[in-house]
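Enquirer: Let me begin by handing over the structure; questions about it come next.
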Amino acid sequence: MKKSILVAASLLLTSSVAFAADFKQADNQWFKDAQASIKARMAVQPITNKAKNIILLIADGNGVGSNYATRLYAGQQAGKLGSEHVLPQDALPHVALVKTYNTNAQTPDSAGTGTAFHTGVKTKAGVLGVDETLARGDCSAVEGATVTNAVETFSAMGKQIGVISTARLTHATPASAYAHSADRNFEADSYLPEGCGQKDIAVQLIDVMKSGAVDIAMGGGRRNFITKETKGDEGKSGKRTDGKNLIEEAKAAGIQYIWDDKTFASADWSKPVLGLFESSHMKYEADRTGEPSLAEMTEASIKALGGSENGYFLTIEAGRVDHANHAGNAARTVTDGVAFAEAIAKAVEMTDPQETLIVVTADHEHAIAFNGYCGRGSDVLGLCYDIDPAGTKHSDKPLMGKDGKPYTVVGFLNGPGSILGEDGSGSRPEVTQEQATDIDYVQQSLIPLSSESHSGEDVAVYGRGPWSHLFDSTIEQNEIFHVMLQAATAE
Ligand SMILES: [Zn+2]
C-alpha cells in the first residue's frame, strides 16, 4: 500500500509539466514562470571538457545575507520592488553552500579562507599559503608548512595569470593566491618581526611578477611597495624600511606600472601590468574618482589574457564589501556589491561557457541581519514599512519596536552602530527614513565593537562552465580549488 502511494507520488512529480494544464492556477504567472524555469534547467547539461580559462570572482564578506541586500538594492535602483531582481550570480546554473570555518576558528578570517580556495586546504586564521601545522606568526615554520597555491598551480600549466582586488594587493584575499606568510599582516618589511626569515608579501608579489608567473596585478596598496621616505603618486609615503622601491624594481624588469584611471586607460596590455591605484585600499564604489572600476579592471584583464594559448587564471576580489560591513555602513556594502555584480556580468558576457569556468563566491559572511516583517519594496537602506494586506507594495506605516521607535530593514548584531555605547548604558535612538537612507548612515547594532565582525555562516559558490556542476550540495571551502583543478586538468 505504502509503496504504491510512493510510486504514484513520484510519477506525479516527474510528470508535473505535463499535468500543468489541469491546475486551477495554470494561468497564474508565478506558476507559468516556475514551469518555464524548470524546463530551462532540465535542458542544462554538465560541461565535462577541459577548461582553458578559469575566472574566480570573490566578494569579501559577501555571504548570502549581504548578497540578498545587494539584490534588493540593485532591483530597487532598477525601479523594481527588489526581491524579484536577479543578480548575474543568481543566474549562474550551478550553486552550492560553502562551510567557511578555519581549522582553529569557527568564525573565519580572509587569510584562512583565501588559502582554502586558492590552495585546496583549510588552514588556521591569519596565515597565507601554509598549512595548519604553522602557529600564526612563526616565520621559522613557513618553509616546512608551505602549500602549493593557485599562482604556482596554474602558471605551471602554462596559463597566464591576473590578480585583481579593490583592497590592497598585499591584503589577505589577493595575497592568498600568490604568497606564503606566517601572518597576513606581513605586507611590507616593516611589519616583519625582528629576525623573521620570510619575505614580506609585497616582495613576494614582485617576485612572482618578475618570474613571469603573474602577468597582471591591479589593486590598492602602493604604500607597501615604497619606503617611508618616498612619496607615492598621490603624495602619501610608504611603509618600507629596507630602502627598496619595488615599483622601480618592477619597471626595471619590464613591468608596466599604472596608478590612476588615465594610466589605466592608456596602458599597453601586451606587456605585464602592475596597477597600484591607492596608497591603501582602492576607494569604495560610492566614492570612486580617478580609479578604474572592478568591472573595468575585469574587462581589461580578460581582453589582455584572452589571447593566451594555454588560457588564463584570473582571481578577482571585490575587497570592500567586507570593509563596508565592518563599518556597519550598509549603503557602501550594497554599492560595492553592485560593482561586484557588474564585474561578474562582464566576465559572463566576455567568455564562452564551453571554455571558461566562472566561479563566484565569498570568503565569509558578516553579522548582518534583516528585520521583519517589511512589505515588498521597503528601501533596503531605509525603514521597514508594514505589509499592505490588500496590495503588493508596502504600506506607508513604518513598523515600530516595543520602544515606539521605527527600525531599518538592515541591522547588524555588533559594530560601531551599537545602540548601547561603550558602557552599555545607551538606548535606541530615533531614526528617520531620511537619516537611514544617507550614504554615511551606520545601521543600528547591539554589541558595541569598533569594527563589526565576520560571522561563521555559510556562503554560496555559483558556477558556470566546465565542471561547475560539481558545485552542488554543502561543501567545504577548500573543495572550490579542487573543482578548478578538475576543470583545468580534465582529459
Ligand atoms: Zn573582514
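Just remember, in the C-alpha cells the first chain shown is A, the second B, etc., residues are 1-based per chain, and ligands are 1-based in the order shown.
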Going by DSSP on the backbone, which bits of range 296-445 of chain A are strand (DSSP E)? Write them as a PyMOL selection string, please.
Expert: chain A and resi 312-318+356-362+365-366+368-370+410-415+445
Enquirer: Please write the residues from the selection above to a file, keeping N, CA, C and O atoms, as a CSV table (one decimal), in the first residue's frame.
Expert:
chain,number,residue,atom,x,y,z
A,312,TYR,N,44.1,31.2,-19.2
A,312,TYR,CA,44.5,32.1,-18.1
A,312,TYR,C,43.7,31.7,-16.8
A,312,TYR,O,42.7,31.0,-16.9
A,313,PHE,N,44.3,32.1,-15.7
A,313,PHE,CA,43.6,32.1,-14.4
A,313,PHE,C,43.5,33.5,-13.9
A,313,PHE,O,44.6,34.2,-13.8
A,314,LEU,N,42.3,33.9,-13.6
A,314,LEU,CA,42.1,35.3,-13.1
A,314,LEU,C,41.4,35.3,-11.8
A,314,LEU,O,40.3,34.7,-11.7
A,315,THR,N,42.0,35.8,-10.8
A,315,THR,CA,41.3,35.9,-9.5
A,315,THR,C,41.0,37.4,-9.2
A,315,THR,O,41.9,38.2,-9.3
A,316,ILE,N,39.7,37.6,-8.9
A,316,ILE,CA,39.2,39.0,-8.9
A,316,ILE,C,38.5,39.2,-7.5
A,316,ILE,O,37.5,38.4,-7.3
A,317,GLU,N,38.9,40.1,-6.7
A,317,GLU,CA,38.3,40.3,-5.4
A,317,GLU,C,37.6,41.7,-5.4
A,317,GLU,O,38.2,42.7,-5.6
A,318,ALA,N,36.3,41.7,-5.0
A,318,ALA,CA,35.6,42.9,-4.6
A,318,ALA,C,35.9,43.0,-3.1
A,318,ALA,O,35.2,42.4,-2.2
A,356,THR,N,35.5,28.4,-20.6
A,356,THR,CA,35.9,29.2,-19.4
A,356,THR,C,35.0,28.8,-18.2
A,356,THR,O,33.8,28.9,-18.2
A,357,LEU,N,35.7,28.4,-17.1
A,357,LEU,CA,35.0,28.1,-15.8
A,357,LEU,C,34.9,29.5,-15.1
A,357,LEU,O,35.9,30.1,-14.8
A,358,ILE,N,33.7,29.9,-14.7
A,358,ILE,CA,33.5,31.0,-13.9
A,358,ILE,C,33.0,30.6,-12.5
A,358,ILE,O,32.1,29.8,-12.4
A,359,VAL,N,33.7,31.0,-11.5
A,359,VAL,CA,33.4,30.7,-10.1
A,359,VAL,C,33.1,32.0,-9.4
A,359,VAL,O,34.0,32.9,-9.4
A,360,VAL,N,32.0,32.1,-8.7
A,360,VAL,CA,31.6,33.3,-7.9
A,360,VAL,C,31.4,32.9,-6.5
A,360,VAL,O,30.6,32.0,-6.2
A,361,THR,N,32.1,33.5,-5.6
A,361,THR,CA,31.9,33.1,-4.2
A,361,THR,C,32.3,34.3,-3.2
A,361,THR,O,32.5,35.4,-3.7
A,362,ALA,N,32.2,34.0,-2.0
A,362,ALA,CA,32.7,34.9,-0.9
A,362,ALA,C,33.6,34.1,0.0
A,362,ALA,O,33.5,32.9,0.1
A,365,GLU,N,30.8,35.4,5.6
A,365,GLU,CA,29.7,36.4,5.8
A,365,GLU,C,30.0,37.3,7.0
A,365,GLU,O,31.1,37.2,7.6
A,366,HIS,N,29.1,38.2,7.3
A,366,HIS,CA,29.2,39.2,8.4
A,366,HIS,C,28.0,39.0,9.3
A,366,HIS,O,27.1,38.3,9.0
A,368,ILE,N,25.6,40.6,9.7
A,368,ILE,CA,24.5,41.4,9.1
A,368,ILE,C,23.1,40.7,9.3
A,368,ILE,O,23.1,39.4,9.4
A,369,ALA,N,22.1,41.4,9.5
A,369,ALA,CA,20.8,40.8,9.8
A,369,ALA,C,19.6,41.6,9.2
A,369,ALA,O,19.8,42.8,8.9
A,370,PHE,N,18.5,41.0,9.0
A,370,PHE,CA,17.4,41.6,8.3
A,370,PHE,C,16.2,41.6,9.2
A,370,PHE,O,15.8,40.5,9.7
A,410,VAL,N,17.8,46.7,7.4
A,410,VAL,CA,19.1,46.0,7.7
A,410,VAL,C,19.6,46.5,9.1
A,410,VAL,O,19.5,47.6,9.5
A,411,GLY,N,20.1,45.5,9.8
A,411,GLY,CA,20.8,45.8,11.1
A,411,GLY,C,22.0,44.9,11.2
A,411,GLY,O,22.3,44.1,10.3
A,412,PHE,N,22.8,45.2,12.2
A,412,PHE,CA,24.0,44.3,12.5
A,412,PHE,C,23.9,43.8,13.9
A,412,PHE,O,23.4,44.6,14.8
A,413,LEU,N,24.4,42.6,14.2
A,413,LEU,CA,24.4,42.2,15.6
A,413,LEU,C,25.4,42.9,16.4
A,413,LEU,O,25.2,43.1,17.6
A,414,ASN,N,26.5,43.3,15.8
A,414,ASN,CA,27.5,44.1,16.6
A,414,ASN,C,28.1,45.1,15.7
A,414,ASN,O,27.9,45.1,14.5
A,415,GLY,N,28.9,46.0,16.2
A,415,GLY,CA,29.6,47.0,15.4
A,415,GLY,C,29.6,48.4,16.0
A,415,GLY,O,29.1,48.6,17.1
A,445,SER,N,23.2,48.5,15.7
A,445,SER,CA,23.6,47.2,16.1
A,445,SER,C,23.5,47.0,17.6
A,445,SER,O,23.1,48.0,18.3
Enquirer: May I ask you to write as a VMD selection string all residues lying at most 12 Å from ligand 1, with only C-alpha atoms and all ligand atoms counted?
Expert: chain A and resid 59 to 63 107 to 114 125 to 126 167 171 to 173 318 to 328 362 to 367 451 to 456
Enquirer: Thr133 in chain A: which residues within 10 Å, counting only C-alpha atoms, same-chain residues fewer than 6 positions away excluded, as number ranges by chain?
Expert: A: 123-124, 141-142, 144-146
Enquirer: I'd like the contact shell of range 200-213 of chain A - 6 Å cut-off, only C-alpha atoms, skipping same-chain residues fewer than 5 positions apart - returned as an NGL selection string.
Expert: :A and (155 or 170 or 186-189)
Enquirer: Write the residues you've just listed into a file as a tab-separated table (two decimals), in the first residue's frame, and include all heavy atoms for each of them.
Expert:
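And here is the file that came out, selection-v3.tsv:
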chain	number	residue	atom	x	y	z
A	155	SER	N	50.28	28.60	-13.22
A	155	SER	CA	51.41	29.03	-14.06
A	155	SER	C	52.20	27.81	-14.52
A	155	SER	O	52.72	27.78	-15.64
A	155	SER	CB	52.31	30.04	-13.34
A	155	SER	OG	52.92	29.47	-12.23
A	170	THR	N	48.34	43.40	-1.34
A	170	THR	CA	49.02	42.60	-0.32
A	170	THR	C	48.07	42.16	0.79
A	170	THR	O	48.50	41.56	1.77
A	170	THR	CB	50.15	43.45	0.31
A	170	THR	OG1	49.60	44.74	0.64
A	170	THR	CG2	51.31	43.63	-0.66
A	186	PHE	N	52.08	40.74	7.39
A	186	PHE	CA	53.46	40.99	6.95
A	186	PHE	C	53.46	41.55	5.52
A	186	PHE	O	54.12	41.03	4.62
A	186	PHE	CB	54.28	39.68	7.01
A	186	PHE	CG	54.46	39.10	8.39
A	186	PHE	CD1	54.92	37.79	8.56
A	186	PHE	CD2	54.18	39.84	9.53
A	186	PHE	CE1	55.09	37.25	9.83
A	186	PHE	CE2	54.34	39.29	10.81
A	186	PHE	CZ	54.79	38.00	10.96
A	187	GLU	N	52.73	42.64	5.33
A	187	GLU	CA	52.52	43.17	3.98
A	187	GLU	C	53.75	43.89	3.43
A	187	GLU	O	53.97	43.94	2.23
A	187	GLU	CB	51.30	44.10	3.96
A	187	GLU	CG	49.99	43.37	4.22
A	187	GLU	CD	48.77	44.27	4.12
A	187	GLU	OE1	48.55	44.88	3.08
A	187	GLU	OE2	48.03	44.36	5.13
A	188	ALA	N	54.53	44.53	4.33
A	188	ALA	CA	55.80	45.17	3.94
A	188	ALA	C	56.85	44.75	4.97
A	188	ALA	O	56.51	44.22	6.04
A	188	ALA	CB	55.65	46.68	3.92
A	189	ASP	N	58.14	45.01	4.67
A	189	ASP	CA	59.20	44.53	5.58
A	189	ASP	C	59.08	45.11	6.98
A	189	ASP	O	59.47	44.47	7.96
A	189	ASP	CB	60.59	44.86	4.99
A	189	ASP	CG	60.83	46.36	4.96
A	189	ASP	OD1	60.04	47.08	4.32
A	189	ASP	OD2	61.79	46.81	5.61
Enquirer: Closest to Pro93 in chain A among A:Pro353, A:Gly311, A:Gly65, A:Gly377, using only C-alpha atoms?
Expert: A:Pro353
Enquirer: When you draw a straight line from CA of Asp233 in chain A to CA of Ile258 in chain A, how long is it in Å?
Expert: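 Atom-to-atom, CA of Asp233 in chain A and CA of Ile258 in chain A are spaced 10.0 Å apart.
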Enquirer: For CA of Ser280 in chain A and CA of Asp261 in chain A, determine how far apart the two atoms are, in Å to one decimal place.
Expert: 16.2 Å
Enquirer: If you count only C-alpha atoms, which residues fall within 12 Å of Gly158 in chain A, apart from same-chain ones fewer than 4 positions away, as a VMD selection string?
Expert: chain A and resid 52 to 53 151 to 154 212 to 215 308 to 313 488
Enquirer: Output the selection as a compact mmCIF listing (two decimals), in the first residue's frame - C-alpha atoms for each residue.
Expert:
# COMPACT_ATOMS: atom_id res chain seq x y z
CA LYS A 52 41.01 26.59 -20.89
CA ASN A 53 40.38 29.58 -18.65
CA VAL A 151 49.53 31.03 -8.98
CA GLU A 152 52.06 28.18 -8.76
CA THR A 153 49.48 25.62 -9.91
CA PHE A 154 48.13 27.45 -12.93
CA GLY A 212 56.60 35.74 -15.27
CA ALA A 213 54.08 33.75 -13.22
CA VAL A 214 51.76 36.73 -12.72
CA ASP A 215 51.13 38.93 -15.76
CA SER A 308 46.98 33.34 -24.50
CA GLU A 309 47.50 29.90 -25.98
CA ASN A 310 47.23 27.90 -22.76
CA GLY A 311 44.49 30.04 -21.28
CA TYR A 312 44.48 32.08 -18.12
CA PHE A 313 43.60 32.08 -14.42
CA ALA A 488 41.81 22.65 -15.70
Enquirer: Near Leu274 in chain A, counting only C-alpha atoms, which residues have an atom at most 7 Å away, once you skip same-chain residues fewer than 5 positions from it, shown as a PyMOL selection string?
Expert: chain A and resi 216-218+255-258
Enquirer: Those residues you just picked out, can you put them in a file as a compact mmCIF listing (two decimals), in the first residue's frame with all heavy atoms?
Expert:
# COMPACT_ATOMS: atom_id res chain seq x y z
N ILE A 216 49.35 40.19 -14.72
CA ILE A 216 48.61 41.40 -14.39
C ILE A 216 48.28 41.38 -12.90
O ILE A 216 47.76 40.39 -12.39
CB ILE A 216 47.29 41.49 -15.18
CG1 ILE A 216 47.57 41.60 -16.69
CG2 ILE A 216 46.44 42.67 -14.72
CD1 ILE A 216 46.31 41.62 -17.55
N ALA A 217 48.64 42.47 -12.21
CA ALA A 217 48.24 42.62 -10.81
C ALA A 217 47.73 44.04 -10.65
O ALA A 217 48.45 45.00 -10.95
CB ALA A 217 49.41 42.36 -9.87
N MET A 218 46.48 44.18 -10.23
CA MET A 218 45.89 45.52 -10.08
C MET A 218 45.07 45.60 -8.81
O MET A 218 44.28 44.70 -8.51
CB MET A 218 44.97 45.84 -11.27
CG MET A 218 45.71 46.04 -12.58
SD MET A 218 44.61 46.70 -13.87
CE MET A 218 43.68 45.23 -14.30
N ILE A 255 58.11 45.51 -16.35
CA ILE A 255 56.68 45.51 -15.98
C ILE A 255 56.17 46.95 -16.04
O ILE A 255 56.80 47.87 -15.52
CB ILE A 255 56.50 44.91 -14.56
CG1 ILE A 255 56.94 43.44 -14.55
CG2 ILE A 255 55.06 45.06 -14.09
CD1 ILE A 255 57.26 42.89 -13.19
N GLN A 256 55.05 47.11 -16.71
CA GLN A 256 54.47 48.44 -16.85
C GLN A 256 53.76 48.82 -15.55
O GLN A 256 53.02 48.02 -14.99
CB GLN A 256 53.49 48.36 -18.00
CG GLN A 256 52.92 49.66 -18.43
CD GLN A 256 52.00 49.41 -19.63
OE1 GLN A 256 51.63 50.33 -20.32
NE2 GLN A 256 51.65 48.19 -19.89
N TYR A 257 53.96 50.04 -15.10
CA TYR A 257 53.32 50.50 -13.86
C TYR A 257 52.23 51.53 -14.17
O TYR A 257 52.49 52.49 -14.90
CB TYR A 257 54.38 51.11 -12.93
CG TYR A 257 53.80 51.79 -11.71
CD1 TYR A 257 53.12 51.06 -10.74
CD2 TYR A 257 53.90 53.18 -11.54
CE1 TYR A 257 52.57 51.68 -9.63
CE2 TYR A 257 53.35 53.80 -10.43
CZ TYR A 257 52.69 53.05 -9.48
OH TYR A 257 52.13 53.67 -8.39
N ILE A 258 51.05 51.32 -13.63
CA ILE A 258 49.96 52.29 -13.79
C ILE A 258 49.40 52.62 -12.41
O ILE A 258 49.50 51.81 -11.48
CB ILE A 258 48.84 51.76 -14.72
CG1 ILE A 258 48.25 50.44 -14.20
CG2 ILE A 258 49.38 51.57 -16.14
CD1 ILE A 258 47.09 49.90 -15.03
Enquirer: Please determine, counting only C-alpha atoms, which residue among A:Val64, A:Leu381, A:Ile38, A:Ala331 has the shortest atom-to-atom distance to Ala96 in chain A.
Expert: A:Val64
Enquirer: CA of Tyr385 in chain A and CA of Trp30 in chain A, how far apart in Å?
Expert: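 These atoms are spaced 24.3 Å apart.
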